[in-house]
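**Q** Sharing start_39.txt here; it has compact mmCIF, C-alpha atoms.
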```
# COMPACT_ATOMS: atom_id res chain seq x y z
CA MET A 20 133.10 307.08 36.54
CA MET A 21 131.40 310.46 36.17
CA ARG A 22 127.70 311.29 36.17
CA TYR A 23 125.63 314.14 34.80
CA THR A 24 122.34 315.56 36.02
CA ALA A 25 119.38 315.63 33.68
CA GLU A 26 119.31 319.42 34.01
CA GLU A 27 122.94 319.68 32.90
CA LEU A 28 122.33 317.50 29.86
CA ARG A 29 119.18 319.40 28.89
CA GLY A 30 120.93 322.73 29.21
CA PHE A 31 123.98 321.55 27.26
CA ALA A 32 121.84 320.12 24.44
CA ALA A 33 119.81 323.35 24.29
CA ARG A 34 122.97 325.50 24.07
CA ILE A 35 124.38 323.33 21.29
CA MET A 36 121.13 323.51 19.33
CA GLU A 37 120.94 327.28 19.85
CA LYS A 38 124.33 327.60 18.16
CA ALA A 39 123.12 325.25 15.41
CA ASP A 40 120.18 327.65 14.88
CA LEU A 41 117.18 325.86 16.40
CA SER A 42 114.37 328.07 17.68
CA PRO A 43 113.86 328.52 21.47
CA ALA A 44 110.50 326.70 21.41
CA ALA A 45 111.86 323.77 19.42
CA ARG A 46 115.12 323.38 21.33
CA ASP A 47 113.39 323.18 24.72
CA ILE A 48 111.14 320.33 23.55
CA PHE A 49 113.96 318.66 21.61
CA SER A 50 116.44 318.80 24.51
CA ASP A 51 113.86 317.41 26.92
CA SER A 52 112.98 314.52 24.60
CA LEU A 53 116.65 313.67 24.08
CA VAL A 54 117.45 313.57 27.81
CA GLN A 55 114.21 311.75 28.64
CA ALA A 56 115.38 308.97 26.32
CA ASP A 57 118.66 308.66 28.23
CA LEU A 58 116.87 308.81 31.58
CA ARG A 59 114.64 305.91 30.53
CA GLY A 60 117.56 303.80 29.35
CA ILE A 61 116.76 304.32 25.66
CA SER A 62 120.28 305.54 25.03
CA SER A 63 120.05 304.84 21.30
CA HIS A 64 117.73 307.86 21.08
CA GLY A 65 119.51 310.06 23.61
CA VAL A 66 122.46 312.45 23.55
CA THR A 67 124.42 310.02 21.38
CA ARG A 68 122.42 311.58 18.51
CA LEU A 69 123.01 315.21 19.48
CA ALA A 70 125.88 315.79 17.03
CA ALA A 71 123.88 314.45 14.08
CA TYR A 72 120.79 316.50 15.00
CA ALA A 73 122.90 319.66 15.35
CA LYS A 74 124.60 319.10 12.03
CA ARG A 75 121.29 318.56 10.22
CA VAL A 76 119.94 321.86 11.58
CA GLU A 77 123.20 323.70 10.87
CA LEU A 78 123.22 322.48 7.26
CA GLY A 79 119.59 323.50 6.75
CA LEU A 80 118.43 319.91 6.29
CA VAL A 81 116.04 320.61 9.18
CA ASP A 82 114.31 323.99 9.37
CA GLY A 83 115.14 325.12 12.88
CA PHE A 84 112.43 327.80 12.92
CA ALA A 85 109.65 325.89 11.18
CA VAL A 86 106.16 326.14 12.67
CA PRO A 87 103.77 323.24 11.94
CA GLU A 88 100.75 324.09 9.81
CA LEU A 89 97.27 322.65 10.22
CA VAL A 90 96.44 321.91 6.58
CA THR A 91 93.15 320.03 6.87
CA ASP A 92 90.91 320.45 9.90
CA GLY A 93 88.26 317.78 10.17
CA GLY A 94 87.63 318.43 13.84
CA SER A 95 88.82 315.07 15.15
CA LEU A 96 90.75 314.21 11.98
CA LEU A 97 93.68 316.47 11.17
CA SER A 98 96.36 316.82 8.53
CA VAL A 99 99.51 318.63 9.67
CA ASP A 100 102.42 319.82 7.54
CA GLY A 101 105.58 319.57 9.62
CA LYS A 102 107.33 322.10 7.34
CA ASN A 103 110.56 320.09 7.63
CA GLY A 104 110.79 321.09 11.28
CA MET A 105 112.45 319.29 14.20
CA GLY A 106 110.55 316.05 14.67
CA ALA A 107 110.24 316.17 18.46
CA TYR A 108 108.86 319.71 18.36
CA VAL A 109 106.37 318.96 15.58
CA GLY A 110 105.32 315.76 17.35
CA ALA A 111 104.72 317.49 20.71
CA TRP A 112 102.88 320.36 19.01
CA THR A 113 100.63 317.89 17.20
CA MET A 114 99.96 315.64 20.19
CA ASP A 115 99.04 318.65 22.33
CA LEU A 116 96.57 319.68 19.65
CA CYS A 117 95.17 316.12 19.57
CA ILE A 118 94.71 316.21 23.35
CA GLN A 119 92.90 319.53 23.13
CA ARG A 120 90.58 318.25 20.40
CA ALA A 121 89.99 314.96 22.24
CA ARG A 122 88.77 316.92 25.26
CA GLU A 123 86.26 318.63 22.99
CA ARG A 124 85.29 315.75 20.70
CA GLY A 125 86.33 312.55 22.47
CA ASN A 126 89.17 311.63 20.13
CA CYS A 127 91.56 313.05 17.57
CA PHE A 128 93.82 311.49 14.92
CA ALA A 129 96.49 313.51 13.12
CA ALA A 130 98.52 312.59 10.04
CA VAL A 131 101.79 314.54 9.87
CA SER A 132 103.78 315.05 6.68
CA HIS A 133 107.16 316.51 5.64
CA CYS A 134 108.99 316.00 8.90
CA ASN A 135 112.07 314.43 10.48
CA HIS A 136 113.09 311.78 13.00
CA PHE A 137 111.07 312.49 16.14
CA GLY A 138 113.02 310.53 18.75
CA TYR A 139 111.36 307.88 20.88
CA ALA A 140 107.62 307.51 20.33
CA ALA A 141 106.48 307.24 23.97
CA TYR A 142 107.53 310.85 24.46
CA PHE A 143 104.26 311.77 22.76
CA THR A 144 101.93 308.99 23.91
CA GLU A 145 102.73 309.59 27.58
CA ARG A 146 101.71 313.23 27.15
CA ALA A 147 98.25 311.88 26.38
CA ALA A 148 98.29 309.37 29.24
CA GLU A 149 99.21 312.16 31.66
CA ALA A 150 96.02 313.90 30.52
CA GLY A 151 93.98 310.77 31.29
CA MET A 152 93.84 309.68 27.65
CA LEU A 153 94.96 306.85 25.43
CA GLY A 154 97.89 307.98 23.30
CA LEU A 155 99.04 306.44 20.00
CA ALA A 156 102.11 307.19 17.89
CA ILE A 157 103.46 305.52 14.75
CA ALA A 158 106.17 306.65 12.33
CA ASN A 159 108.01 305.42 9.26
CA GLY A 160 111.74 305.50 8.67
CA PRO A 161 114.40 304.79 6.05
CA LYS A 162 114.66 301.24 4.71
CA ALA A 163 116.30 298.84 7.13
CA LEU A 164 113.95 295.86 7.26
CA PRO A 165 113.25 293.23 4.54
CA PRO A 166 109.76 291.85 3.98
CA THR A 167 109.39 288.25 5.08
CA GLY A 168 111.13 286.12 2.45
CA GLY A 169 112.92 289.13 0.99
CA SER A 170 116.69 289.64 0.90
CA ALA A 171 116.76 293.46 0.59
CA PRO A 172 115.62 296.05 3.17
CA LEU A 173 112.56 297.98 1.98
CA LEU A 174 110.77 299.07 5.17
CA GLY A 175 111.83 301.18 8.12
CA THR A 176 112.03 299.89 11.69
CA ASN A 177 108.72 301.80 11.99
CA PRO A 178 107.97 302.36 15.69
CA LEU A 179 104.65 301.85 17.45
CA ALA A 180 103.80 303.33 20.85
CA VAL A 181 100.60 303.16 22.92
CA SER A 182 100.15 304.58 26.43
CA LEU A 183 97.24 304.15 28.83
CA PRO A 184 96.69 306.03 32.10
CA THR A 185 96.69 303.91 35.25
CA GLY A 186 95.76 306.50 37.86
CA VAL A 187 99.34 306.45 39.20
CA ALA A 188 101.28 309.61 38.41
CA GLY A 189 104.29 308.95 36.20
CA ARG A 190 103.40 305.28 35.75
CA PRO A 191 101.26 304.80 32.63
CA LEU A 192 101.11 301.44 30.91
CA THR A 193 103.27 302.00 27.83
CA LEU A 194 104.12 299.90 24.81
CA ASP A 195 106.98 301.47 22.82
CA MET A 196 108.54 299.19 20.24
CA ALA A 197 110.32 299.12 16.94
CA THR A 198 109.00 296.63 14.41
CA SER A 199 112.55 295.32 14.13
CA ALA A 200 113.96 293.00 16.80
CA VAL A 201 115.44 296.16 18.39
CA ALA A 202 115.65 299.80 17.39
CA ARG A 203 118.28 300.38 14.69
CA GLY A 204 119.76 303.06 16.91
CA LYS A 205 120.94 300.33 19.29
CA VAL A 206 123.03 298.85 16.49
CA THR A 207 124.41 302.31 15.68
CA LEU A 208 125.29 302.84 19.35
CA ALA A 209 126.98 299.41 19.51
CA ARG A 210 129.16 300.38 16.54
CA LYS A 211 130.05 303.70 18.19
CA THR A 212 131.05 301.99 21.46
CA GLY A 213 132.86 299.09 19.78
CA GLN A 214 130.50 296.37 21.04
CA ASP A 215 129.09 293.28 19.36
CA ILE A 216 125.35 292.83 18.98
CA PRO A 217 123.36 289.69 19.87
CA LEU A 218 122.50 287.20 17.15
CA GLY A 219 118.97 287.78 15.91
CA TRP A 220 119.22 291.57 15.65
CA GLY A 221 120.35 291.69 12.03
CA VAL A 222 122.04 290.09 9.05
CA ASP A 223 124.92 291.07 6.75
CA LYS A 224 124.64 291.97 3.06
CA ASP A 225 124.48 288.27 2.14
CA GLY A 226 121.66 287.55 4.58
CA ASN A 227 123.88 285.76 7.11
CA PRO A 228 123.25 286.23 10.85
CA THR A 229 125.91 288.45 12.40
CA THR A 230 127.09 289.94 15.69
CA ASP A 231 128.98 292.73 13.89
CA PRO A 232 127.06 296.05 13.91
CA ASN A 233 129.13 297.26 10.94
CA ALA A 234 127.91 294.34 8.85
CA VAL A 235 124.29 295.25 9.60
CA LEU A 236 124.75 298.96 8.94
CA SER A 237 126.92 298.54 5.82
CA GLY A 238 124.63 296.84 3.36
CA GLY A 239 122.98 294.43 5.77
CA ALA A 240 119.52 294.60 7.32
CA MET A 241 117.65 294.53 10.60
CA LEU A 242 115.35 291.59 11.29
CA PRO A 243 111.63 292.07 12.03
CA VAL A 244 110.37 291.28 15.51
CA GLY A 245 108.31 288.10 15.46
CA GLY A 246 109.09 287.32 11.83
CA PRO A 247 106.09 287.87 9.54
CA LYS A 248 104.11 289.57 12.34
CA GLY A 249 106.71 292.34 12.67
CA TYR A 250 106.87 292.68 8.90
CA ALA A 251 103.08 293.05 8.68
CA ILE A 252 102.95 295.69 11.42
CA ALA A 253 105.80 297.61 9.78
CA LEU A 254 103.98 297.55 6.44
CA ILE A 255 100.71 298.83 7.92
CA ILE A 256 102.59 301.67 9.62
CA GLU A 257 104.33 302.43 6.33
CA CYS A 258 101.00 302.66 4.50
CA LEU A 259 99.59 305.14 7.00
CA CYS A 260 102.74 307.23 7.38
CA SER A 261 103.55 307.52 3.68
CA CYS A 262 100.40 306.89 1.63
CA LEU A 263 98.13 308.84 3.99
CA THR A 264 100.48 311.74 4.72
CA GLY A 265 102.15 312.05 1.31
CA SER A 266 105.61 311.78 2.89
CA ASP A 267 108.31 309.56 1.45
CA ASN A 268 108.27 305.84 2.14
CA GLY A 269 111.18 303.87 3.52
CA GLN A 270 112.61 303.23 0.07
CA THR A 271 112.72 306.89 -0.96
CA MET A 272 113.22 308.94 2.22
CA GLY A 273 116.54 310.30 3.40
CA SER A 274 118.55 308.66 6.14
CA PHE A 275 119.01 310.48 9.45
CA TYR A 276 122.77 310.24 8.92
CA ASP A 277 122.72 311.33 5.26
CA MET A 278 123.90 314.93 5.47
CA GLU A 279 123.09 315.73 1.85
CA ARG A 280 119.28 315.56 1.80
CA VAL A 281 116.16 316.10 3.87
CA GLN A 282 114.38 313.12 5.38
CA ASN A 283 110.68 313.81 4.63
CA THR A 284 109.31 311.33 7.16
CA GLY A 285 105.66 310.92 8.12
CA PHE A 286 103.98 309.99 11.36
CA CYS A 287 100.53 309.67 12.89
CA LEU A 288 99.46 310.61 16.41
CA ALA A 289 96.16 310.10 18.20
CA ALA A 290 94.53 310.80 21.56
CA VAL A 291 91.31 309.27 22.94
CA ASP A 292 89.59 310.82 25.96
CA LEU A 293 88.56 307.75 27.96
CA SER A 294 86.38 309.87 30.26
CA LYS A 295 83.93 310.32 27.39
CA VAL A 296 83.24 306.57 27.63
CA ILE A 297 83.77 305.80 31.31
CA ALA A 298 84.34 307.73 34.52
CA LEU A 299 88.12 308.01 34.84
CA GLN A 300 88.08 306.79 38.44
CA VAL A 301 86.22 303.65 37.37
CA TRP A 302 88.81 303.13 34.63
CA ASN A 303 91.65 303.60 37.14
CA ASP A 304 90.09 301.13 39.60
CA ARG A 305 89.60 298.50 36.90
CA MET A 306 93.16 299.02 35.64
CA ALA A 307 94.55 298.68 39.16
CA GLU A 308 92.71 295.40 39.67
CA LEU A 309 93.78 294.00 36.30
CA LEU A 310 97.43 295.02 36.62
CA ALA A 311 97.55 293.63 40.17
CA SER A 312 96.44 290.26 38.81
CA ILE A 313 99.20 290.41 36.18
CA ARG A 314 101.84 291.19 38.79
CA ALA A 315 100.54 288.31 40.94
CA CYS A 316 101.16 285.73 38.20
CA PRO A 317 103.23 282.75 39.40
CA ARG A 318 106.83 283.43 38.39
CA GLN A 319 109.35 281.32 36.56
CA PRO A 320 112.51 280.27 38.43
CA GLY A 321 114.88 283.19 38.91
CA VAL A 322 112.24 285.86 38.24
CA ASP A 323 111.83 288.29 41.13
CA GLU A 324 108.99 290.41 39.80
CA ILE A 325 106.43 290.53 36.99
CA LYS A 326 106.58 294.00 35.49
CA ILE A 327 104.09 296.02 33.49
CA PRO A 328 105.09 297.36 30.03
CA GLY A 329 106.82 300.70 30.51
CA GLN A 330 107.68 299.97 34.16
CA PRO A 331 111.39 299.13 33.59
CA GLU A 332 111.92 302.41 31.72
CA GLN A 333 110.02 304.38 34.37
CA GLU A 334 112.06 302.81 37.18
CA THR A 335 115.30 303.49 35.31
CA CYS A 336 114.23 307.11 34.85
CA GLU A 337 113.46 307.57 38.54
CA ARG A 338 116.78 306.01 39.52
CA ARG A 339 118.78 308.14 37.10
CA LEU A 340 117.01 311.29 38.22
CA ALA A 341 118.20 310.50 41.73
CA GLU A 342 121.70 309.23 40.92
CA GLY A 343 122.62 311.02 37.71
CA LEU A 344 123.42 309.67 34.24
CA GLU A 345 126.56 307.86 33.20
CA LEU A 346 127.60 308.21 29.55
CA PRO A 347 129.70 305.78 27.49
CA GLU A 348 133.23 307.08 27.00
CA ALA A 349 132.73 307.34 23.23
CA VAL A 350 129.58 309.44 23.69
CA GLU A 351 131.23 311.66 26.30
CA GLN A 352 134.18 312.25 23.98
CA GLU A 353 131.82 313.15 21.15
CA LEU A 354 129.99 315.66 23.35
CA ARG A 355 133.27 317.28 24.36
CA GLN A 356 134.21 317.65 20.70
CA LEU A 357 130.76 319.11 20.04
CA ALA A 358 131.28 321.66 22.83
CA GLY A 359 134.55 322.74 21.25
CA ARG A 360 133.10 322.95 17.78
CA TYR A 361 130.19 325.16 18.83
CA GLN A 362 132.19 327.01 21.52
CA VAL A 363 129.81 325.97 24.28
CA GLU A 364 130.99 325.40 27.84
CA TYR A 365 131.04 321.72 28.73
CA MET A 366 129.07 320.37 31.66
CA THR A 367 130.22 320.03 35.24
CA GLN A 368 130.61 316.38 36.10
CA ASN A 369 129.75 314.79 39.43
CA PRO A 370 131.65 311.84 40.94
CA ALA A 371 129.73 308.55 40.83
CA GLY A 372 127.87 307.93 44.06
CA GLY A 373 127.75 311.64 44.78
CA GLY A 374 124.16 311.52 45.98
CA PRO A 375 120.77 312.37 44.48
CA GLN A 376 120.02 315.50 42.55
CA SER A 377 118.23 318.29 44.34
CA GLY A 378 114.52 317.46 44.52
CA ALA A 379 114.96 314.32 42.44
CA SER A 380 113.34 312.04 45.00
CA HIS A 381 110.12 314.04 44.74
CA ARG A 382 109.91 313.99 40.94
CA THR A 383 107.96 311.57 38.81
CA CYS A 384 109.34 310.53 35.47
CA ARG A 385 107.24 311.48 32.49
CA ALA A 386 107.93 311.63 28.79
```
How does the structure come out when it is put into structure tokens?
**A**
Amino acid sequence: MMRYTAEELRGFAARIMEKADLSPAARDIFSDSLVQADLRGISSHGVTRLAAYAKRVELGLVDGFAVPELVTDGGSLLSVDGKNGMGAYVGAWTMDLCIQRARERGNCFAAVSHCNHFGYAAYFTERAAEAGMLGLAIANGPKALPPTGGSAPLLGTNPLAVSLPTGVAGRPLTLDMATSAVARGKVTLARKTGQDIPLGWGVDKDGNPTTDPNAVLSGGAMLPVGGPKGYAIALIIECLCSCLTGSDNGQTMGSFYDMERVQNTGFCLAAVDLSKVIALQVWNDRMAELLASIRACPRQPGVDEIKIPGQPEQETCERRLAEGLELPEAVEQELRQLAGRYQVEYMTQNPAGGGPQSGASHRTCRA
């Protein structure tokens, strides 16, 4: 088994995207977001998607040199045109602007139009948490989810992420969820690696439960998390990300894997400066006390530890920074083919168990 360092993967992704014609500013953010997903164990949003991202930029379906435009400036309420740019870059640009405005005004909410898949949502909310703020991110996506009682997918798996600072560097409290039982990308990854999926993730074209990822992705549908609750959350996100921004809704937008049309997704980001309401140290002390009481909850048989939302991903990230990342054989093969196609040197691999990366033990994991 071979492992890769995060630096190698970032550099490789950046070189591929440079050949695909993505701007220096955008490819640095994009490559970081992609590798951060793999570091955190969110492999469905990691380098497994690099080939599709590169192809979309190469074909002009994503404008690799687009610069977001602030269309409406209401001080703490903003409208941003993503100009069909790379989603991760537009998202980071917008969240950084929200953080800046929140420092001045206490809070900021931005509605972003005309954009593309932005990766995993916590990448943006944890930027806010690192600045001592509450961060919020929601986005819509192509139809994959039926309304409760419906037999046809009409809504996206519309993600929701919220991050709160805890006073511990690299350890915010983070909710990052799809409104489907799991992210659709996990089903796509299962198909790529030839694995079955658990019952409850999706149904086939006839509405029957299935463990076959092909059946879900070929005319079937994902299932909402929590039944009607997941459907309702997905619909509210859809309203904000399409009706408010003017972007397409799940029924009309392009698929990430449709190489014949742009996506035209929408998303909303927000930052709230908690220090405008309460001294940040008081907040941190109260959070520490509350989270300690959660961790101290009596445990069910076989449970070793009560964890805080976001903690498993943060621990995975810290471990992979130290030990390196293993890639599924199918993903590794795809990356090698990508290197050949774009005439980019492939990465140097390290034997499993080869020891921590230089300086990794001193790094915190942040999105």
**Q** Name the closest residue to Ser63 (chain A) among the candidates A:Gly204, A:Gly246, A:Gly151, A:Pro331; distances are taken between atoms, counting all atoms listed in the file.
**A** A:Gly204
**Q** List every protein, DNA or RNA residue with an atom no more than 8 Å from (120.3, 321.3, 5.4) in the file's coordinates, counting all atoms listed in the file, and format the result as a PyMOL selection string.
**A** chain A and resi 75-82+278-281
**Q** What is the distance, in Å and to one decimal place, between CA of Cys316 (chain A) and CA of Leu153 (chain A)?
**A**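 Computing it gives 25.4 Å between the two atoms.
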**Q** If you count all atoms listed in the file, which residues fall within 6 Å of region 221-230 of chain A, apart from same-chain ones fewer than 3 positions away, as a list in words?
**A**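 The residues that qualify are Asp215, Ile216, Pro217, Leu218, Ala234, Val235, Gly238, Gly239, Ala240, Met241 and Leu242 of chain A.
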**Q** Could you take the residues named above and write them with C-alpha atoms, as a tab-separated table (two decimals), keeping the file's coordinate frame?
**A**
```tsv
chain	number	residue	atom	x	y	z
A	215	ASP	CA	129.09	293.28	19.36
A	216	ILE	CA	125.35	292.83	18.98
A	217	PRO	CA	123.36	289.69	19.87
A	218	LEU	CA	122.50	287.20	17.15
A	234	ALA	CA	127.91	294.34	8.85
A	235	VAL	CA	124.29	295.25	9.60
A	238	GLY	CA	124.63	296.84	3.36
A	239	GLY	CA	122.98	294.43	5.77
A	240	ALA	CA	119.52	294.60	7.32
A	241	MET	CA	117.65	294.53	10.60
A	242	LEU	CA	115.35	291.59	11.29
```
**Q** Between A:Leu288, A:Ser199, A:Ala32, A:Thr212, which has the minimum distance to Ala140 (chain A) (counting only C-alpha atoms)?
**A**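 Closest to Ala140 (chain A), using only C-alpha atoms: A:Leu288.
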**Q** Identify, on the basis of only C-alpha atoms, every residue whose closest approach to Asn126 (chain A) does not exceed 10 Å; exclude the query and any residue fewer than 2 positions from it along the same chain; express the result as a list in words.
**A** Gly94, Ser95, Leu96, Cys117, Ile118, Gln119, Arg120, Ala121, Arg122, Glu123, Arg124, Phe128, Met152, Leu153, Gly154, Ala289, Ala290, Val291, Asp292, Leu293 and Lys295 of chain A
**Q** Quick one: residues within 9 Å of Arg210 (chain A), all atoms listed in the file counted, chain neighbours fewer than 5 positions away excluded, as a PyMOL selection string?
**A** chain A and resi 205+215-216+231-233+236
**Q** With a distance cut-off of 10 Å and all atoms listed in the file, select the neighbouring residues of Arg190 (chain A), excluding the residue or stretch itself and same-chain residues fewer than 6 positions from it, and output the selection as a list in words.
**A**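 Within the cut-off, the hits are Glu145, Ala148, Glu149, Ser182, Leu183, Pro184, Ile327, Pro328, Gly329, Gln330, Glu332, Gln333, Glu334, Thr383, Cys384 and Arg385 of chain A.
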**Q** Using CA of Gly83 (chain A) and CA of Leu174 (chain A) as the two end points, give the distance in Å to one decimal.
**A**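 Spanning CA of Gly83 (chain A) to CA of Leu174 (chain A) is a straight-line distance of 27.5 Å.
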**Q** Would you please work out which residue, of A:Ile256, A:Leu41, A:Leu346, A:Val181, is nearest to Met21 (chain A) when using only C-alpha atoms?
**A**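 Closest to Met21 (chain A) of all the choices is A:Leu346.
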**Q** Which is closer to Lys326 (chain A) than all the others in A:Leu299, A:Leu263, A:Val244, A:Leu192, using only C-alpha atoms?
**A**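 Nearest to Lys326 (chain A): A:Leu192.
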**Q** Expressed in Å to a single decimal, how great is the separation between CA of Ile157 (chain A) and CA of Phe275 (chain A)?
**A**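 Interatomic distance, CA of Ile157 (chain A) to CA of Phe275 (chain A): 17.2 Å.
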**Q** Excluding Val90 (chain A) and residues on its chain fewer than 2 positions from it, collect all residues at most 7 Å away from it, counting all atoms listed in the file, and give them as a compact mmCIF listing (two decimals) with C-alpha atoms, in the frame of the given file.
**A**
```txt
# COMPACT_ATOMS: atom_id res chain seq x y z
CA GLU A 88 100.75 324.09 9.81
CA ASP A 92 90.91 320.45 9.90
CA SER A 98 96.36 316.82 8.53
CA VAL A 99 99.51 318.63 9.67
CA ASP A 100 102.42 319.82 7.54
```
**Q** Out of A:Gly101, A:Gly106, A:Pro191, A:Pro172, which residue has the shortest atom-to-atom distance to His133 (chain A) when counting only C-alpha atoms?
**A**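 Looking at the shortest contact to His133 (chain A), the residue is A:Gly101.
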**Q** Which residue out of A:Tyr250, A:Trp112, A:Phe84, A:Tyr23 has the minimum interatomic distance to Val66 (chain A) when all atoms listed in the file are used?
**A**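 Among the listed residues, the smallest separation from Val66 (chain A) belongs to A:Tyr23.
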